[in-house]
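Visitor: File name data-v9.pdb; file contents PDB, C-alpha atoms; full text below.
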ATOM      1  CA  MET A 737       0.000   0.000   0.000
ATOM      2  CA  GLU A 738       2.870   2.330   0.855
ATOM      3  CA  MET A 739       4.478   1.691  -2.533
ATOM      4  CA  LEU A 740       1.186   2.443  -4.289
ATOM      5  CA  ASN A 741       0.918   5.732  -2.365
ATOM      6  CA  ARG A 742       4.458   6.614  -3.435
ATOM      7  CA  LEU A 743       3.634   5.905  -7.059
ATOM      8  CA  VAL A 744       0.524   8.070  -6.903
ATOM      9  CA  ALA A 745       2.424  10.870  -5.188
ATOM     10  CA  GLY A 746       5.240  10.606  -7.744
ATOM     11  CA  TYR A 747       2.744  10.745 -10.592
ATOM     12  CA  HIS A 748       1.094  13.904  -9.221
ATOM     13  CA  ASP A 749       4.480  15.503  -8.601
ATOM     14  CA  LEU A 750       5.515  14.758 -12.179
ATOM     15  CA  MET A 751       2.287  16.059 -13.708
ATOM     16  CA  ASP A 752       1.783  19.051 -11.422
ATOM     17  CA  ASN A 753       5.298  20.261 -10.655
ATOM     18  CA  LYS A 754       7.708  18.966 -13.293
ATOM     19  CA  SER A 755       5.578  19.547 -16.389
ATOM     20  CA  ASP A 756       5.270  22.779 -18.366
ATOM     21  CA  GLN A 757       2.875  24.982 -16.380
ATOM     22  CA  ARG A 758       1.931  26.968 -19.482
ATOM     23  CA  VAL A 759      -0.118  24.069 -20.905
ATOM     24  CA  LYS A 760      -1.515  22.711 -17.634
ATOM     25  CA  ASP A 761      -5.068  23.907 -18.326
ATOM     26  CA  TRP A 762      -5.083  23.402 -22.100
ATOM     27  CA  LEU A 763      -7.479  20.928 -23.709
ATOM     28  CA  LEU A 764      -6.424  17.281 -23.004
ATOM     29  CA  MET A 765      -3.200  18.411 -21.322
ATOM     30  CA  SER A 766      -4.021  17.915 -17.647
ATOM     31  CA  SER A 767      -3.625  14.127 -17.758
ATOM     32  CA  PRO A 768      -2.395  11.491 -20.237
ATOM     33  CA  PHE A 769      -5.417   9.270 -19.658
ATOM     34  CA  PRO A 770      -7.932  11.011 -21.982
ATOM     35  CA  THR A 771      -5.424  10.778 -24.840
ATOM     36  CA  MET A 772      -4.718   7.151 -23.973
ATOM     37  CA  ALA A 773      -8.462   6.403 -23.955
ATOM     38  CA  ILE A 774      -8.891   8.010 -27.401
ATOM     39  CA  CYS A 775      -5.990   5.968 -28.802
ATOM     40  CA  LEU A 776      -7.386   2.713 -27.411
ATOM     41  CA  THR A 777     -10.807   3.586 -28.830
ATOM     42  CA  TYR A 778      -9.164   4.132 -32.213
ATOM     43  CA  PHE A 779      -7.569   0.659 -32.079
ATOM     44  CA  PHE A 780     -10.903  -0.929 -31.136
ATOM     45  CA  VAL A 781     -12.872   0.872 -33.859
ATOM     46  CA  VAL A 782     -10.514   0.242 -36.791
ATOM     47  CA  LYS A 783      -9.568  -3.348 -35.915
ATOM     48  CA  ILE A 784     -12.751  -4.782 -34.364
ATOM     49  CA  LEU A 785     -15.890  -2.636 -34.400
ATOM     50  CA  GLY A 786     -15.466  -1.050 -37.833
ATOM     51  CA  PRO A 787     -14.797  -4.266 -39.793
ATOM     52  CA  LYS A 788     -17.688  -5.936 -37.932
ATOM     53  CA  LEU A 789     -20.123  -3.136 -38.845
ATOM     54  CA  MET A 790     -18.982  -3.207 -42.486
ATOM     55  CA  GLU A 791     -19.080  -6.992 -42.769
ATOM     56  CA  ASN A 792     -22.472  -7.166 -44.509
ATOM     57  CA  ARG A 793     -22.504  -3.671 -45.994
ATOM     58  CA  LYS A 794     -21.374  -2.363 -49.339
ATOM     59  CA  PRO A 795     -18.293  -0.099 -49.327
ATOM     60  CA  PHE A 796     -19.049   3.602 -49.002
ATOM     61  CA  GLU A 797     -18.303   5.853 -51.979
ATOM     62  CA  LEU A 798     -16.310   8.660 -50.405
ATOM     63  CA  LYS A 799     -14.689  10.382 -53.384
ATOM     64  CA  LYS A 800     -15.786  13.922 -52.519
ATOM     65  CA  VAL A 801     -15.203  13.384 -48.807
ATOM     66  CA  LEU A 802     -11.661  12.144 -49.491
ATOM     67  CA  ILE A 803     -10.881  15.079 -51.762
ATOM     68  CA  TRP A 804     -11.986  17.635 -49.161
ATOM     69  CA  TYR A 805     -10.368  15.742 -46.277
ATOM     70  CA  ASN A 806      -6.987  15.452 -48.002
ATOM     71  CA  LEU A 807      -7.151  19.071 -49.123
ATOM     72  CA  PHE A 808      -7.754  20.069 -45.500
ATOM     73  CA  GLN A 809      -4.786  17.964 -44.379
ATOM     74  CA  VAL A 810      -2.514  19.557 -46.994
ATOM     75  CA  ILE A 811      -3.504  23.071 -45.845
ATOM     76  CA  PHE A 812      -3.242  22.110 -42.154
ATOM     77  CA  SER A 813       0.222  20.579 -42.702
ATOM     78  CA  CYS A 814       1.367  23.651 -44.644
ATOM     79  CA  TRP A 815       0.305  25.892 -41.754
ATOM     80  CA  LEU A 816       2.041  23.699 -39.155
ATOM     81  CA  PHE A 817       5.213  23.638 -41.261
ATOM     82  CA  TYR A 818       5.074  27.423 -41.630
ATOM     83  CA  GLU A 819       4.650  27.836 -37.861
ATOM     84  CA  SER A 820       7.693  25.640 -37.194
ATOM     85  CA  ILE A 821       9.775  27.765 -39.568
ATOM     86  CA  VAL A 822       8.739  31.157 -38.177
ATOM     87  CA  SER A 823       9.279  29.780 -34.670
ATOM     88  CA  GLY A 824      12.961  29.426 -35.455
ATOM     89  CA  TRP A 825      13.893  26.445 -37.611
ATOM     90  CA  PHE A 826      16.216  27.503 -40.470
ATOM     91  CA  ILE A 827      16.185  31.023 -38.951
ATOM     92  CA  SER A 828      17.545  31.087 -35.401
ATOM     93  CA  HIS A 829      17.369  27.521 -34.026
ATOM     94  CA  SER A 830      20.485  25.404 -33.748
ATOM     95  CA  PHE A 831      20.436  21.944 -35.324
ATOM     96  CA  ARG A 832      23.092  20.877 -32.807
ATOM     97  CA  CYS A 833      21.439  21.950 -29.568
ATOM     98  CA  GLN A 834      18.248  23.910 -29.065
ATOM     99  CA  PRO A 835      17.009  24.179 -25.446
ATOM    100  CA  VAL A 836      13.317  24.724 -24.700
ATOM    101  CA  ASP A 837      12.288  28.326 -24.082
ATOM    102  CA  TYR A 838      10.002  28.077 -21.034
ATOM    103  CA  SER A 839       9.262  31.794 -20.913
ATOM    104  CA  ARG A 840       5.924  33.402 -21.708
ATOM    105  CA  SER A 841       7.280  35.626 -24.436
ATOM    106  CA  PRO A 842       5.120  35.936 -27.587
ATOM    107  CA  GLU A 843       7.686  33.925 -29.576
ATOM    108  CA  ALA A 844       7.823  31.120 -26.995
ATOM    109  CA  MET A 845       4.025  30.964 -26.651
ATOM    110  CA  ARG A 846       3.657  30.824 -30.431
ATOM    111  CA  THR A 847       5.907  27.760 -30.421
ATOM    112  CA  VAL A 848       3.891  26.144 -27.611
ATOM    113  CA  ASN A 849       0.670  26.841 -29.516
ATOM    114  CA  GLY A 850       2.125  25.261 -32.663
ATOM    115  CA  CYS A 851       3.177  22.173 -30.679
ATOM    116  CA  TRP A 852      -0.351  21.755 -29.305
ATOM    117  CA  TRP A 853      -1.889  22.029 -32.785
ATOM    118  CA  TYR A 854       0.606  19.471 -34.059
ATOM    119  CA  TYR A 855      -0.569  17.162 -31.252
ATOM    120  CA  PHE A 856      -4.183  17.808 -32.286
ATOM    121  CA  SER A 857      -3.343  16.953 -35.923
ATOM    122  CA  LYS A 858      -2.528  13.391 -34.831
ATOM    123  CA  PHE A 859      -6.223  12.926 -34.026
ATOM    124  CA  THR A 860      -7.400  14.239 -37.402
ATOM    125  CA  GLU A 861      -5.145  11.631 -39.036
ATOM    126  CA  PHE A 862      -7.295   8.887 -37.479
ATOM    127  CA  PHE A 863      -9.706   9.490 -40.359
ATOM    128  CA  ASP A 864      -7.144   7.982 -42.761
ATOM    129  CA  THR A 865      -7.875   4.586 -41.219
ATOM    130  CA  ILE A 866     -11.585   5.175 -40.628
ATOM    131  CA  PHE A 867     -12.085   5.919 -44.324
ATOM    132  CA  PHE A 868     -10.176   2.729 -45.236
ATOM    133  CA  VAL A 869     -12.592   0.736 -43.066
ATOM    134  CA  MET A 870     -15.669   2.478 -44.492
ATOM    135  CA  ARG A 871     -14.467   1.698 -48.026
ATOM    136  CA  LYS A 872     -13.613  -1.899 -46.973
ATOM    137  CA  LYS A 873      -9.954  -1.397 -47.899
ATOM    138  CA  PHE A 874      -8.976  -3.718 -45.062
ATOM    139  CA  ASP A 875      -5.633  -4.648 -46.650
ATOM    140  CA  GLN A 876      -4.548  -1.021 -46.137
ATOM    141  CA  VAL A 877      -5.332  -1.181 -42.418
ATOM    142  CA  SER A 878      -1.883  -2.704 -41.957
ATOM    143  CA  LYS A 879       0.253  -3.218 -38.861
ATOM    144  CA  LEU A 880       2.377  -0.225 -39.875
ATOM    145  CA  HIS A 881      -0.614   2.017 -40.458
ATOM    146  CA  VAL A 882      -2.444   1.229 -37.216
ATOM    147  CA  ILE A 883       0.604   1.316 -34.932
ATOM    148  CA  HIS A 884       1.907   4.533 -36.489
ATOM    149  CA  HIS A 885      -1.391   6.406 -36.191
ATOM    150  CA  GLY A 886      -2.422   4.789 -32.910
ATOM    151  CA  ILE A 887       0.584   5.714 -30.783
ATOM    152  CA  MET A 888       1.484   9.125 -32.209
ATOM    153  CA  PRO A 889      -1.052  11.178 -30.150
ATOM    154  CA  MET A 890       0.255   9.617 -26.947
ATOM    155  CA  SER A 891       3.871  10.156 -27.976
ATOM    156  CA  VAL A 892       3.342  13.804 -28.909
ATOM    157  CA  TRP A 893       1.307  14.433 -25.735
ATOM    158  CA  PHE A 894       4.426  13.929 -23.605
ATOM    159  CA  GLY A 895       6.342  16.360 -25.783
ATOM    160  CA  VAL A 896       3.713  19.078 -25.412
ATOM    161  CA  LYS A 897       3.317  18.412 -21.689
ATOM    162  CA  PHE A 898       7.029  18.618 -20.831
ATOM    163  CA  THR A 899       9.080  20.031 -23.735
ATOM    164  CA  PRO A 900       6.878  22.130 -26.067
ATOM    165  CA  GLY A 901       9.659  23.658 -28.101
ATOM    166  CA  GLY A 902      13.369  23.410 -28.652
ATOM    167  CA  HIS A 903      15.205  20.355 -29.936
ATOM    168  CA  SER A 904      12.210  18.031 -30.144
ATOM    169  CA  THR A 905      10.269  20.260 -32.549
ATOM    170  CA  PHE A 906      12.714  19.283 -35.316
ATOM    171  CA  PHE A 907      10.716  16.071 -35.672
ATOM    172  CA  GLY A 908       7.421  17.966 -35.977
ATOM    173  CA  MET A 909       8.874  20.360 -38.549
ATOM    174  CA  LEU A 910      10.195  17.491 -40.678
ATOM    175  CA  ASN A 911       7.052  15.417 -40.247
ATOM    176  CA  THR A 912       4.688  18.193 -41.358
ATOM    177  CA  PHE A 913       6.816  18.724 -44.488
ATOM    178  CA  VAL A 914       6.516  15.013 -45.338
ATOM    179  CA  HIS A 915       2.768  15.185 -44.682
ATOM    180  CA  ILE A 916       2.377  18.032 -47.171
ATOM    181  CA  ILE A 917       3.722  15.708 -49.873
ATOM    182  CA  MET A 918       1.901  12.635 -48.544
ATOM    183  CA  TYR A 919      -1.551  14.228 -48.379
ATOM    184  CA  SER A 920      -0.986  15.871 -51.760
ATOM    185  CA  TYR A 921      -0.469  12.364 -53.118
ATOM    186  CA  TYR A 922      -3.661  11.137 -51.437
ATOM    187  CA  LEU A 923      -5.553  14.173 -52.760
ATOM    188  CA  LEU A 924      -4.489  13.405 -56.328
ATOM    189  CA  ALA A 925      -5.266   9.702 -55.875
ATOM    190  CA  ALA A 926      -8.784  10.564 -54.677
ATOM    191  CA  MET A 927      -9.494  12.377 -57.957
ATOM    192  CA  GLY A 928      -9.838   9.126 -59.853
ATOM    193  CA  PRO A 929      -8.184   6.991 -62.553
ATOM    194  CA  GLN A 930      -7.512   9.934 -64.882
ATOM    195  CA  VAL A 931      -5.047  11.284 -62.294
ATOM    196  CA  GLN A 932      -3.941   8.044 -60.647
ATOM    197  CA  LYS A 933      -2.025   6.927 -63.758
ATOM    198  CA  TYR A 934       0.473   9.720 -63.095
ATOM    199  CA  LEU A 935       1.092   8.654 -59.473
ATOM    200  CA  TRP A 936       4.063   6.396 -60.182
ATOM    201  CA  TRP A 937       6.051   7.868 -57.302
ATOM    202  CA  LYS A 938       4.299   6.230 -54.355
ATOM    203  CA  LYS A 939       7.288   4.096 -53.383
ATOM    204  CA  TYR A 940       9.467   7.220 -53.307
ATOM    205  CA  LEU A 941       7.050   8.727 -50.793
ATOM    206  CA  THR A 942       7.646   5.723 -48.521
ATOM    207  CA  ALA A 943      11.400   6.155 -49.039
ATOM    208  CA  LEU A 944      11.076   9.826 -48.043
ATOM    209  CA  GLN A 945       9.337   8.796 -44.834
ATOM    210  CA  MET A 946      12.210   6.414 -44.064
ATOM    211  CA  VAL A 947      14.762   9.181 -44.690
ATOM    212  CA  GLN A 948      12.764  11.351 -42.278
ATOM    213  CA  PHE A 949      13.234   8.846 -39.455
ATOM    214  CA  VAL A 950      16.953   8.460 -40.163
ATOM    215  CA  LEU A 951      17.370  12.245 -39.846
ATOM    216  CA  VAL A 952      15.321  12.309 -36.636
ATOM    217  CA  PHE A 953      17.415   9.446 -35.230
ATOM    218  CA  PHE A 954      20.731  11.229 -35.759
ATOM    219  CA  HIS A 955      19.359  14.621 -34.742
ATOM    220  CA  ALA A 956      18.036  13.241 -31.444
ATOM    221  CA  PHE A 957      20.907  10.957 -30.441
ATOM    222  CA  GLN A 958      23.631  13.522 -31.112
ATOM    223  CA  LEU A 959      22.670  15.003 -27.739
ATOM    224  CA  LEU A 960      24.039  11.871 -26.059
ATOM    225  CA  PHE A 961      27.518  13.053 -27.060
ATOM    226  CA  ILE A 962      27.311  16.827 -26.584
ATOM    227  CA  ASP A 963      26.387  19.009 -23.603
ATOM    228  CA  CYS A 964      22.935  20.542 -24.125
ATOM    229  CA  ASP A 965      20.314  21.865 -21.723
ATOM    230  CA  TYR A 966      17.670  19.463 -22.953
ATOM    231  CA  PRO A 967      16.086  16.518 -21.031
ATOM    232  CA  ARG A 968      18.015  13.322 -21.752
ATOM    233  CA  ALA A 969      14.856  11.233 -21.326
ATOM    234  CA  PHE A 970      13.284  12.918 -24.346
ATOM    235  CA  VAL A 971      16.404  12.273 -26.395
ATOM    236  CA  TRP A 972      15.772   8.557 -25.910
ATOM    237  CA  TRP A 973      12.008   8.961 -26.327
ATOM    238  CA  ILE A 974      12.316  10.617 -29.750
ATOM    239  CA  GLY A 975      15.278   8.540 -30.912
ATOM    240  CA  MET A 976      13.635   5.192 -30.115
ATOM    241  CA  HIS A 977      10.445   6.288 -31.873
ATOM    242  CA  ALA A 978      12.570   6.971 -34.947
ATOM    243  CA  VAL A 979      14.035   3.456 -34.700
ATOM    244  CA  LEU A 980      10.576   1.865 -34.334
ATOM    245  CA  PHE A 981       9.028   3.761 -37.234
ATOM    246  CA  TYR A 982      12.030   3.206 -39.495
ATOM    247  CA  TYR A 983      11.744  -0.543 -38.891
ATOM    248  CA  LEU A 984       7.983  -0.521 -39.595
ATOM    249  CA  PHE A 985       8.293   1.573 -42.760
ATOM    250  CA  SER A 986      11.276  -0.388 -44.095
ATOM    251  CA  ASP A 987       9.390  -3.656 -43.523
ATOM    252  CA  PHE A 988       6.402  -2.209 -45.397
ATOM    253  CA  TYR A 989       8.703  -1.060 -48.229
ATOM    254  CA  LYS A 990      10.191  -4.543 -48.565
ATOM    255  CA  GLN A 991       6.780  -6.229 -48.574
ATOM    256  CA  ALA A 992       5.022  -3.709 -50.821
ATOM    257  CA  TYR A 993       7.722  -3.051 -53.412
ATOM    258  CA  LEU A 994      10.815  -5.270 -53.243
ATOM    259  CA  LYS A 995       9.006  -8.538 -52.516
ATOM    260  CA  LYS A 996       6.245  -7.703 -55.005
ATOM    261  CA  ALA A 997       8.847  -6.991 -57.699
ATOM    262  CA  GLN A 998      10.647 -10.249 -56.883
ATOM    263  CA  ASN A 999       7.367 -12.205 -57.065
ATOM    264  CA  ALA A1000       6.559 -10.612 -60.432
ATOM    265  CA  LYS A1001      10.014 -11.541 -61.740
ATOM    266  CA  THR A1002       9.614 -15.112 -60.474
ATOM    267  CA  LYS A1003       6.202 -15.366 -62.158
ATOM    268  CA  VAL A1004       7.635 -14.187 -65.494
ATOM    269  CA  MET A1005      10.541 -16.636 -65.255
ATOM    270  CA  THR A1006       8.122 -19.477 -64.466
ATOM    271  CA  GLN A1007       6.022 -18.611 -67.513
ATOM    272  CA  VAL A1008       9.141 -18.502 -69.715
ATOM    273  CA  ASP A1009      10.330 -21.879 -68.413
ATOM    274  CA  SER A1010       6.861 -23.342 -68.993
ATOM    275  CA  TYR A1011       6.829 -22.026 -72.574
ATOM    276  CA  LYS A1012      10.271 -23.493 -73.267
ATOM    277  CA  SER A1013       9.202 -26.830 -71.826
ATOM    278  CA  GLU A1014       6.051 -26.955 -73.974
ATOM    279  CA  THR A1015       8.001 -26.011 -77.100
ATOM    280  CA  LYS A1016      10.582 -28.693 -76.415
ATOM    281  CA  GLU A1017       7.847 -31.316 -75.946
ATOM    282  CA  ARG A1018       6.323 -30.416 -79.325
ATOM    283  CA  LYS A1019       9.676 -30.803 -81.100
ATOM    284  CA  LEU A1020      10.655 -34.075 -79.461
ATOM    285  CA  PRO A1021       8.333 -36.425 -81.446
ATOM    286  CA  LEU A1022       9.545 -34.933 -84.719
ATOM    287  CA  LEU A1023      13.191 -35.117 -83.709
ATOM    288  CA  ASN A1024      12.780 -38.638 -82.365
ATOM    289  CA  GLY A1025      11.103 -39.768 -85.571
ATOM    290  CA  PHE A1026      13.873 -38.469 -87.821
ATOM    291  CA  GLY A1027      16.482 -39.688 -85.420
ATOM    292  CA  ASN A1028      15.190 -43.271 -85.825
ATOM    293  CA  GLY A1029      16.952 -45.379 -88.553
ATOM    294  CA  SER A1030      13.826 -47.247 -89.683
ATOM    295  CA  ALA A1031      11.977 -43.992 -90.181
ATOM    296  CA  LEU A1032      14.755 -42.699 -92.445
ATOM    297  CA  ASN A1033      14.730 -45.970 -94.446
ATOM    298  CA  ASP A1034      10.989 -45.629 -94.944
ATOM    299  CA  VAL A1035      11.457 -42.127 -96.308
ATOM    300  CA  ARG A1036      14.228 -43.331 -98.711
ATOM    301  CA  GLN A1037      12.096 -46.242 -99.971
ATOM    302  CA  ARG A1038       9.117 -43.974-100.660
ATOM    303  CA  MET A1039      11.316 -41.549-102.566
ATOM    304  CA  ALA A1040      12.849 -44.402-104.606
ATOM    305  CA  GLY A1041       9.391 -45.799-105.402
ATOM    306  CA  ALA A1042       8.214 -42.390-106.565
ATOM    307  CA  VAL A1043      11.251 -42.045-108.919
ATOM    308  CA  ALA A1044      10.743 -45.602-110.370
ATOM    309  CA  SER A1045       7.074 -44.975-111.097
ATOM    310  CA  GLN A1046       8.045 -41.953-113.166
TER     311      GLN A1046
END
Would you mind giving the structure from this file in structure tokens?
Guide:
Amino acid sequence: MEMLNRLVAGYHDLMDNKSDQRVKDWLLMSSPFPTMAICLTYFFVVKILGPKLMENRKPFELKKVLIWYNLFQVIFSCWLFYESIVSGWFISHSFRCQPVDYSRSPEAMRTVNGCWWYYFSKFTEFFDTIFFVMRKKFDQVSKLHVIHHGIMPMSVWFGVKFTPGGHSTFFGMLNTFVHIIMYSYYLLAAMGPQVQKYLWWKKYLTALQMVQFVLVFFHAFQLLFIDCDYPRAFVWWIGMHAVLFYYLFSDFYKQAYLKKAQNAKTKVMTQVDSYKSETKERKLPLLNGFGNGSALNDVRQRMAGAVASQ
């Protein structure tokens, strides 16, 4: 019982005294449990409830909804990327070490506000999966997709609660840039076959996402080797997320593109071998017949008989 009391007291001390007081009363920021509950609800809906409800229904036609949704996400991502730039990235922030500004200056509060909206954007991305389920595109509700979307709100919550700014916002800046390209792709794909034929670059989008996590990995873990006024725990938190997501995306890339290409090559080679085998079988009776001595003698005798009759 005493240990439980210590844990509860430690939790309240962490949340009330060691967190960023500027966001204490902001929506969903007082406790991690509402965010956790939303994430668990997402998992339940897209993996259990949604497929069950759609089991005996026809897929929804959501062309217009998808166009407007992806357009919204492109605009939202552009704004978040812009906010990360004007807050300091590529202007005044250091890529080597950027401590969090915990003041209430207008510049610092603008950064905190941008971090909260980035956290909120992780909830809007849930609709990616919900629309897959409604359209019965269950093959696209993959392990990568669900894990990536399902844990991001919880991961970003800790960043906003304790370090809303500084070194960790590099990941958000890079991620919103990638999302501008990603949702632009989805927007074009939603416009139909007349546009989809030009979308040959999907695998390069996945490669870009992998590059993103490599950059985040090195950017985060460099702080293990240099002195910087930034919480070491969040260095590991961000760096290990980069490792996890790189593994998931690289596995998807192998399965979706490399393995598919190898299977296509194997199929072609099998068809070629089958054609050669059939061709060889057709030629064998003819070759065997002419290779037989009696058959050649029969041909000679018929030719001789034809000459004598003339």
Visitor: Counting only C-alpha atoms, which residue out of A:Val869, A:Met845, A:Met890, A:Val877 sits closest to Ile774 in chain A?
Guide: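 The closest residue to Ile774 in chain A is A:Met890.
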Visitor: Using only C-alpha atoms, which of A:Tyr855, A:Phe831, A:Ala992, A:Arg793 sits nearest Ile887 in chain A?
Guide: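 Smallest distance to Ile887 in chain A is found for A:Tyr855.
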Visitor: For this file, the PyMOL selection byres ((chain A and resi 961-973) around 8) selects which residues, as a PyMOL selection string?
Guide: chain A and resi 833-836+895+903-904+956-960+974-977
Visitor: Under the PyMOL selection byres ((chain A and resi 932-941) around 9), which residues of this model are included? Write them out as a ChimeraX atom specification.
Guide: /A:914,917-918,921,924-931,942-946,989,992-993
Visitor: Got a sec: who's within 9 Å of Ile916 in chain A, counting all atoms listed in the file, leaving out chain neighbours fewer than 6 positions off, as a PyMOL selection string?
Guide: chain A and resi 809-814+817
Visitor: Extract, using only C-alpha atoms, all DNA, RNA and protein residues at most 9 Å from Lys872 in chain A, discarding same-chain residues fewer than 2 positions from it, and format them as a PDB file with C-alpha atoms, keeping the file's coordinate frame.
Guide:
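What follows is the written file part25.pdb:
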ATOM      1  CA  PRO A 787     -14.797  -4.266 -39.793  1.00  0.00           C
ATOM      2  CA  MET A 790     -18.982  -3.207 -42.486  1.00  0.00           C
ATOM      3  CA  GLU A 791     -19.080  -6.992 -42.769  1.00  0.00           C
ATOM      4  CA  LYS A 794     -21.374  -2.363 -49.339  1.00  0.00           C
ATOM      5  CA  PRO A 795     -18.293  -0.099 -49.327  1.00  0.00           C
ATOM      6  CA  PHE A 796     -19.049   3.602 -49.002  1.00  0.00           C
ATOM      7  CA  PHE A 867     -12.085   5.919 -44.324  1.00  0.00           C
ATOM      8  CA  PHE A 868     -10.176   2.729 -45.236  1.00  0.00           C
ATOM      9  CA  VAL A 869     -12.592   0.736 -43.066  1.00  0.00           C
ATOM     10  CA  MET A 870     -15.669   2.478 -44.492  1.00  0.00           C
ATOM     11  CA  PHE A 874      -8.976  -3.718 -45.062  1.00  0.00           C
ATOM     12  CA  ASP A 875      -5.633  -4.648 -46.650  1.00  0.00           C
TER      13      ASP A 875
END
Visitor: Between CA of Tyr982 in chain A and CA of Leu994 in chain A, measure the distance and give it in Å to one decimal.
Guide: 16.2 Å
Visitor: Using the chain letters and numbers from the file, give me the residues hit by the PyMOL selection byres ((chain A and resi 802) around 9), as a list in words.
Guide: Leu798, Lys799, Lys800, Val801, Ile803, Trp804, Tyr805, Asn806, Leu807, Phe867, Tyr922, Leu923, Ala926 and Met927 of chain A
Visitor: Between CA of Ser767 in chain A and CA of Met751 in chain A, what is the distance, to one decimal in Å?
Guide: 7.4 Å
Visitor: Could you list, as a PyMOL selection string, every residue within 12 Å of Pro768 in chain A, counting all atoms listed in the file and ignoring same-chain residues fewer than 6 positions away?
Guide: chain A and resi 747-748+750-751+755+760+774-775+889-898
Visitor: Include C-alpha atoms and write out the residues we just selected as an mmCIF file, in the frame of the given file.
Guide:
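Now in selection.cif:
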data_model
loop_
_atom_site.group_PDB
_atom_site.id
_atom_site.type_symbol
_atom_site.label_atom_id
_atom_site.label_comp_id
_atom_site.auth_asym_id
_atom_site.auth_seq_id
_atom_site.Cartn_x
_atom_site.Cartn_y
_atom_site.Cartn_z
ATOM 1 C CA TYR A 747 2.744 10.745 -10.592
ATOM 2 C CA HIS A 748 1.094 13.904 -9.221
ATOM 3 C CA LEU A 750 5.515 14.758 -12.179
ATOM 4 C CA MET A 751 2.287 16.059 -13.708
ATOM 5 C CA SER A 755 5.578 19.547 -16.389
ATOM 6 C CA LYS A 760 -1.515 22.711 -17.634
ATOM 7 C CA ILE A 774 -8.891 8.010 -27.401
ATOM 8 C CA CYS A 775 -5.990 5.968 -28.802
ATOM 9 C CA PRO A 889 -1.052 11.178 -30.150
ATOM 10 C CA MET A 890 0.255 9.617 -26.947
ATOM 11 C CA SER A 891 3.871 10.156 -27.976
ATOM 12 C CA VAL A 892 3.342 13.804 -28.909
ATOM 13 C CA TRP A 893 1.307 14.433 -25.735
ATOM 14 C CA PHE A 894 4.426 13.929 -23.605
ATOM 15 C CA GLY A 895 6.342 16.360 -25.783
ATOM 16 C CA VAL A 896 3.713 19.078 -25.412
ATOM 17 C CA LYS A 897 3.317 18.412 -21.689
ATOM 18 C CA PHE A 898 7.029 18.618 -20.831
#
Visitor: Out of A:Val782, A:Ile827, A:Trp852, A:Ile821, which residue has the shortest atom-to-atom distance to Asp864 in chain A when counting only C-alpha atoms?
Guide: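 Checking each candidate against Asp864 in chain A, we get A:Val782 as the closest.
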Visitor: Report the distance between CA of Leu980 in chain A and CA of Pro770 in chain A in Å, rounded to one decimal place.
Guide: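 If I compute the distance from CA of Leu980 in chain A to CA of Pro770 in chain A, I get 24.1 Å.
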Visitor: Of the residues A:Lys990, A:Lys858, A:Arg758, A:Arg871, which is the one nearest to Ser841 in chain A, using all atoms listed in the file?
Guide: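 Smallest separation from Ser841 in chain A among the options: A:Arg758.
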Visitor: Using only C-alpha atoms, determine which residues lie at most 9 Å from Val848 in chain A, disregarding the query and same-chain residues fewer than 4 positions distant; provide the list as a PyMOL selection string.
Guide: chain A and resi 758-759+843-844+852-853+896+899-901
